[in-house]
>>> print(open('my_file-v1.csv').read())   # CSV, C-alpha atoms and all ligand atoms
chain,number,residue,atom,x,y,z
V,534,MET,CA,3.1,18.8,-19.4
V,535,GLY,CA,0.9,21.0,-17.3
V,536,GLN,CA,-1.3,18.1,-16.5
V,537,THR,CA,1.8,16.1,-15.3
V,538,ALA,CA,2.8,18.9,-13.0
V,539,GLU,CA,-0.7,19.1,-11.6
V,540,LEU,CA,-0.8,15.4,-10.9
V,541,GLY,CA,2.4,15.5,-8.9
V,542,ARG,CA,5.1,12.8,-8.8
V,543,ARG,CA,4.1,9.3,-9.8
V,544,VAL,CA,5.1,6.9,-7.0
V,545,GLU,CA,3.4,3.7,-8.1
V,546,LEU,CA,2.0,2.1,-11.2
V,547,VAL,CA,-0.1,-0.9,-12.1
V,548,PRO,CA,0.4,-1.3,-15.8
V,549,MET,CA,-2.7,-3.4,-16.4
V,550,ASP,CA,-5.7,-3.5,-14.1
V,551,PRO,CA,-6.9,-7.1,-13.9
V,552,HIS,CA,-10.4,-6.0,-12.9
V,553,PHE,CA,-11.1,-3.2,-15.5
V,554,HIS,CA,-10.1,-3.7,-19.1
V,555,ASP,CA,-6.3,-3.7,-18.4
V,556,ILE,CA,-6.2,0.1,-18.0
V,557,THR,CA,-3.1,1.6,-16.5
V,558,LEU,CA,-3.5,2.7,-12.9
V,559,ALA,CA,-1.2,5.1,-11.2
V,560,LEU,CA,-0.6,6.7,-7.8
V,561,TYR,CA,0.7,10.3,-7.7
V,562,ARG,CA,2.0,12.2,-4.7
V,563,GLN,CA,1.3,15.9,-4.3
V,564,ALA,CA,2.1,18.5,-1.6
V,565,SER,CA,-0.7,20.2,0.3
V,566,PRO,CA,-0.7,22.6,3.2
V,567,ALA,CA,-1.9,19.7,5.4
V,568,GLY,CA,0.9,17.4,4.3
V,569,PRO,CA,1.4,15.0,1.4
V,570,VAL,CA,-1.7,13.7,-0.4
V,571,TYR,CA,-2.0,10.8,-2.9
V,572,LEU,CA,-4.1,10.8,-6.1
V,573,VAL,CA,-5.4,7.7,-7.8
V,574,HIS,CA,-5.3,8.3,-11.5
V,575,SER,CA,-5.6,6.8,-14.9
V,576,TYR,CA,-5.2,8.3,-18.4
V,577,SER,CA,-7.9,5.9,-19.7
V,578,ARG,CA,-10.9,7.7,-21.1
V,579,ARG,CA,-12.9,4.4,-21.1
V,580,PRO,CA,-16.5,4.8,-19.7
V,581,GLY,CA,-16.5,3.5,-16.2
V,582,ALA,CA,-12.9,4.2,-15.5
V,583,GLU,CA,-13.7,7.0,-13.1
V,584,ASP,CA,-16.0,4.7,-11.1
V,585,ARG,CA,-13.1,2.2,-11.0
V,586,LEU,CA,-10.7,4.9,-9.7
V,587,ASP,CA,-13.3,5.9,-7.0
V,588,SER,CA,-13.6,2.3,-5.9
V,589,ILE,CA,-9.8,1.9,-5.6
V,590,ALA,CA,-9.6,5.2,-3.6
V,591,GLY,CA,-12.4,3.9,-1.3
V,592,ALA,CA,-10.6,0.6,-0.8
V,593,MET,CA,-7.4,2.5,0.0
V,594,ALA,CA,-9.2,4.5,2.7
V,595,VAL,CA,-10.3,1.3,4.3
V,596,LEU,CA,-7.2,-0.9,3.8
V,597,GLY,CA,-4.8,1.8,4.8
V,598,GLY,CA,-6.8,3.7,7.4
V,599,MET,CA,-6.5,6.8,5.2
V,600,GLU,CA,-8.7,9.9,4.8
V,601,LEU,CA,-10.3,11.0,1.6
V,602,ALA,CA,-9.1,14.6,1.1
V,603,GLY,CA,-11.0,15.0,-2.2
V,604,PRO,CA,-12.1,13.0,-5.2
V,605,ARG,CA,-9.6,10.1,-5.5
V,606,LEU,CA,-7.3,12.0,-3.2
V,607,LEU,CA,-6.1,10.4,0.0
V,608,ARG,CA,-3.9,11.3,3.0
V,609,PHE,CA,-2.9,10.0,6.4
V,610,SER,CA,-4.5,11.8,9.3
V,611,CYS,CA,-1.1,12.1,11.0
V,612,GLY,CA,0.1,14.3,8.1
V,613,ALA,CA,3.2,12.1,7.5
V,614,ASP,CA,3.8,10.7,4.0
V,615,HIS,CA,4.4,6.9,4.8
V,616,GLU,CA,5.1,6.7,1.1
V,617,LEU,CA,6.3,3.1,0.9
V,618,ALA,CA,3.4,1.8,3.0
V,619,CYS,CA,1.0,3.9,0.9
V,620,ARG,CA,2.3,2.3,-2.3
V,621,ARG,CA,1.6,-1.1,-0.8
V,622,VAL,CA,-2.0,0.1,0.1
V,623,PHE,CA,-2.5,1.2,-3.5
V,624,LEU,CA,-1.2,-2.2,-4.9
V,625,GLU,CA,-3.5,-4.1,-2.6
V,626,ALA,CA,-6.5,-1.9,-3.4
V,627,CYS,CA,-6.0,-2.4,-7.1
V,628,LYS,CA,-6.2,-6.2,-6.5
V,629,GLN,CA,-9.6,-5.7,-5.1
V,630,GLY,CA,-12.4,-6.2,-7.7
V,631,PRO,CA,-15.1,-3.6,-7.9
V,632,GLY,CA,-17.7,-6.0,-6.4
V,633,GLN,CA,-15.6,-6.9,-3.4
V,634,PRO,CA,-16.0,-4.6,-0.4
V,635,ALA,CA,-12.6,-3.8,1.2
V,636,ALA,CA,-12.2,-4.7,4.9
V,637,GLN,CA,-9.5,-3.5,7.3
V,638,ARG,CA,-7.1,-6.4,8.1
V,639,PRO,CA,-6.7,-7.5,11.7
V,640,LEU,CA,-3.6,-7.4,13.8
V,641,THR,CA,-3.5,-11.2,13.8
V,642,PHE,CA,-2.4,-13.5,11.0
V,643,PHE,CA,-1.7,-17.2,10.8
V,644,ASP,CA,2.0,-17.7,9.9
V,645,LYS,CA,2.3,-20.8,7.7
V,646,LYS,CA,6.1,-20.9,8.2
V,647,SER,CA,6.0,-21.3,11.9
V,648,SER,CA,2.4,-22.8,12.1
V,649,HIS,CA,1.6,-20.2,14.7
V,650,GLN,CA,-0.7,-17.3,15.0
V,651,ILE,CA,1.0,-13.9,14.9
V,652,GLU,CA,-0.5,-11.4,17.2
V,653,ILE,CA,0.5,-7.8,17.1
V,654,ALA,CA,-0.1,-5.6,20.2
V,655,ALA,CA,-0.5,-1.9,19.9
V,656,LEU,CA,1.7,-0.3,22.5
V,657,GLY,CA,0.6,3.3,21.9
V,658,GLY,CA,2.6,6.2,20.5
V,659,GLY,CA,2.7,4.5,17.1
V,660,GLU,CA,4.6,1.4,18.5
V,661,TYR,CA,3.6,-2.2,18.0
V,662,ARG,CA,5.0,-5.5,19.4
V,663,VAL,CA,5.0,-8.7,17.2
V,664,GLY,CA,4.3,-11.8,19.2
V,665,LEU,CA,3.9,-15.5,18.1
V,666,GLU,CA,1.6,-17.8,19.9
V,667,GLY,CA,4.4,-20.4,20.4
V,668,GLY,CA,6.7,-17.7,21.7
V,669,ASP,CA,9.2,-18.1,18.8
V,670,ALA,CA,11.3,-14.9,19.3
V,671,SER,CA,13.5,-15.3,16.2
V,672,ARG,CA,10.4,-15.7,14.0
V,673,ALA,CA,8.8,-12.7,15.7
V,674,ALA,CA,11.9,-10.7,15.0
V,675,ALA,CA,11.9,-11.8,11.3
V,676,VAL,CA,8.3,-10.7,10.9
V,677,ALA,CA,9.1,-7.4,12.6
V,678,ALA,CA,12.0,-6.9,10.3
V,679,GLY,CA,9.7,-7.5,7.4
V,680,LEU,CA,7.3,-4.8,8.6
V,681,VAL,CA,10.2,-2.4,9.1
V,682,LYS,CA,11.3,-3.0,5.5
V,683,LEU,CA,7.8,-2.8,3.9
V,684,GLY,CA,6.6,0.2,5.9
V,685,GLN,CA,9.8,2.1,6.4
V,686,LEU,CA,9.3,1.8,10.1
V,687,GLN,CA,11.6,2.2,13.1
V,688,ALA,CA,12.8,-0.7,15.1
V,689,PRO,CA,12.9,0.2,18.8
V,690,ALA,CA,13.5,-3.5,19.7
V,691,PRO,CA,13.9,-6.7,17.7
V,692,ASP,CA,10.2,-7.6,18.1
V,693,GLN,CA,8.9,-4.1,17.9
V,694,VAL,CA,8.2,-1.6,15.2
V,695,ALA,CA,7.3,2.1,15.4
V,696,PHE,CA,5.9,4.8,13.1
V,697,ALA,CA,8.1,7.9,13.2
V,698,CYS,CA,4.9,10.1,13.4
V,699,GLY,CA,4.0,8.6,16.8
V,700,GLN,CA,0.5,7.9,15.7
V,701,ALA,CA,-1.4,4.6,15.6
V,702,HIS,CA,-1.8,2.9,12.2
V,703,ASP,CA,-3.6,-0.3,12.9
V,704,ALA,CA,-4.9,-0.7,9.4
V,705,LEU,CA,-1.5,-0.3,7.9
V,706,VAL,CA,0.1,-2.8,10.2
V,707,GLY,CA,-2.5,-5.4,9.5
V,708,LEU,CA,-2.1,-4.8,5.7
V,709,LEU,CA,1.7,-5.0,5.9
V,710,LEU,CA,1.6,-8.0,8.2
V,711,VAL,CA,0.1,-10.3,5.5
V,712,ARG,CA,3.1,-9.4,3.3
V,713,ALA,CA,5.8,-9.2,6.0
V,714,VAL,CA,5.6,-13.0,6.6
V,715,ASN,CA,7.0,-13.4,3.1
V,716,VAL,CA,8.9,-10.3,2.6
V,717,ARG,CA,11.2,-11.6,-0.2
V,718,ALA,CA,8.3,-12.6,-2.4
V,719,THR,CA,6.7,-9.2,-1.8
V,720,LEU,CA,9.9,-7.3,-2.7
V,721,ARG,CA,10.3,-9.4,-5.9
V,722,GLU,CA,6.7,-8.5,-6.9
V,723,GLN,CA,7.5,-4.8,-6.3
V,724,GLU,CA,10.6,-5.0,-8.5
V,725,LEU,CA,8.7,-6.8,-11.3
V,726,LEU,CA,6.0,-4.1,-11.2
V,727,ALA,CA,8.6,-1.3,-11.3
V,728,ALA,CA,10.3,-2.9,-14.3
V,729,ARG,CA,7.0,-3.2,-16.1
V,730,GLY,CA,6.1,0.3,-15.1
V,731,MET,CA,9.3,1.6,-16.8
V,732,LEU,CA,8.3,-0.1,-20.0
V,733,VAL,CA,4.8,1.4,-20.1
V,734,ALA,CA,5.7,4.7,-18.5
V,735,PRO,CA,6.4,6.8,-21.6
V,736,SER,CA,3.1,6.0,-23.4
V,737,ALA,CA,1.2,6.3,-20.2
V,738,GLN,CA,2.6,9.8,-19.7
V,739,GLN,CA,1.6,10.9,-23.2
V,740,GLN,CA,-1.9,9.4,-23.6
V,801,ZN,ZN,1.6,8.4,10.6
>>> encode(input="my_file-v1.csv", output="structure tokens")
Amino acid sequence: MGQTAELGRRVELVPMDPHFHDITLALYRQASPAGPVYLVHSYSRRPGAEDRLDSIAGAMAVLGGMELAGPRLLRFSCGADHELACRRVFLEACKQGPGQPAAQRPLTFFDKKSSHQIEIAALGGGEYRVGLEGGDASRAAAVAAGLVKLGQLQAPAPDQVAFACGQAHDALVGLLLVRAVNVRATLREQELLAARGMLVAPSAQQQ
């Protein structure tokens, strides 16, 4: 019980790590004087598990533009929680195999649905504008709406998104963009994981 309290509140779970012996991976949220911090954790005692957790935390720092605040402990430099976006960063980092170095995703992405390149412009103050090469305003608005949903962002205009903290988060936007083009599939995947997480949660808590 003491250990659970120390870990904080679990916010995301990957029941079986595809890259390391199917161990259960979890992300915990803790309070700190500098704002919320997130801990990458596993109850697995398997040799090598700690290295795997280190590599996931390292991948999260790159993919989410986060800072390492301690061993396997991450935070956003703005001090905000960005919890939903952070959960997505964790899920993407867990998909990264130990041998694959993580790279920050760019603010451009080819949209198969419209056959156009999506280009996101940073406007400053934590605001971004979604543009499509062909100038398709409704598709740009749909992608922006996907970003808002996946990142819990604000929507100052139909084709714009903004972080409430007022800080730039280019890495997060690039990461979420890849998912925002197909937001329904992403949300389905999240629900599936949550359902599986409920099934394994009791044993994962006690191990
Ligand atoms: Zn922020």
>>> residues_around(input="my_file-v1.csv", residues="Leu624 in chain V", least_positions_apart="3", cutoff="12 Å", atoms="all atoms listed in the file", output="MDAnalysis selection string")
chainID V and resid 544:551 558:560 573 589:590 592:593 596:597 617:621 627:629 708:709 712 719 722:723 726:727
>>> closest_residue(input="my_file-v1.csv", among="V:His615, V:Arg672, V:Arg562, V:Arg638", to="ligand ZN 801 (chain V)", atoms="all atoms listed in the file")
V:His615
>>> residues_near_ligand(input="my_file-v1.csv", ligand="ligand ZN 801 (chain V)", cutoff="10 Å", atoms="all atoms listed in the file", output="ChimeraX atom specification")
/V:599,608-615,659,695-702,705
>>> atom_distance(input="my_file-v1.csv", atom1="CA of Glu616 in chain V", atom2="CA of Gly603 in chain V")
18.4 Å
>>> atom_distance(input="my_file-v1.csv", atom1="CA of His574 in chain V", atom2="CA of Val681 in chain V")
27.9 Å
>>> atom_distance(input="my_file-v1.csv", atom1="CA of Lys646 in chain V", atom2="CA of Ala626 in chain V")
25.6 Å
>>> closest_residue(input="my_file-v1.csv", among="V:Ala670, V:Ala704, V:Leu656, V:Leu725", to="Ala594 in chain V", atoms="all atoms listed in the file")
V:Ala704
>>> residues_around(input="my_file-v1.csv", residues="Ala655 in chain V", least_positions_apart="2", cutoff="10 Å", atoms="all atoms listed in the file", output="list in words")
Leu640, Glu652, Ile653, Gly657, Gly658, Gly659, Glu660, Tyr661, Arg662, Val663, Gln693, Val694, Ala695, Ala701, His702, Asp703 and Val706 of chain V
>>> write_last_selection(input="my_file-v1.csv", atoms="C-alpha atoms", output="mmCIF file, in the coordinates of the input")
data_model
loop_
_atom_site.group_PDB
_atom_site.id
_atom_site.type_symbol
_atom_site.label_atom_id
_atom_site.label_comp_id
_atom_site.auth_asym_id
_atom_site.auth_seq_id
_atom_site.Cartn_x
_atom_site.Cartn_y
_atom_site.Cartn_z
ATOM 1 C CA LEU V 640 -3.600 -7.400 13.800
ATOM 2 C CA GLU V 652 -0.500 -11.400 17.200
ATOM 3 C CA ILE V 653 0.500 -7.800 17.100
ATOM 4 C CA GLY V 657 0.600 3.300 21.900
ATOM 5 C CA GLY V 658 2.600 6.200 20.500
ATOM 6 C CA GLY V 659 2.700 4.500 17.100
ATOM 7 C CA GLU V 660 4.600 1.400 18.500
ATOM 8 C CA TYR V 661 3.600 -2.200 18.000
ATOM 9 C CA ARG V 662 5.000 -5.500 19.400
ATOM 10 C CA VAL V 663 5.000 -8.700 17.200
ATOM 11 C CA GLN V 693 8.900 -4.100 17.900
ATOM 12 C CA VAL V 694 8.200 -1.600 15.200
ATOM 13 C CA ALA V 695 7.300 2.100 15.400
ATOM 14 C CA ALA V 701 -1.400 4.600 15.600
ATOM 15 C CA HIS V 702 -1.800 2.900 12.200
ATOM 16 C CA ASP V 703 -3.600 -0.300 12.900
ATOM 17 C CA VAL V 706 0.100 -2.800 10.200
#
>>> closest_residue(input="my_file-v1.csv", among="V:Pro691, V:Gly707, V:Gly684, V:Pro580", to="Pro639 in chain V", atoms="only C-alpha atoms")
V:Gly707
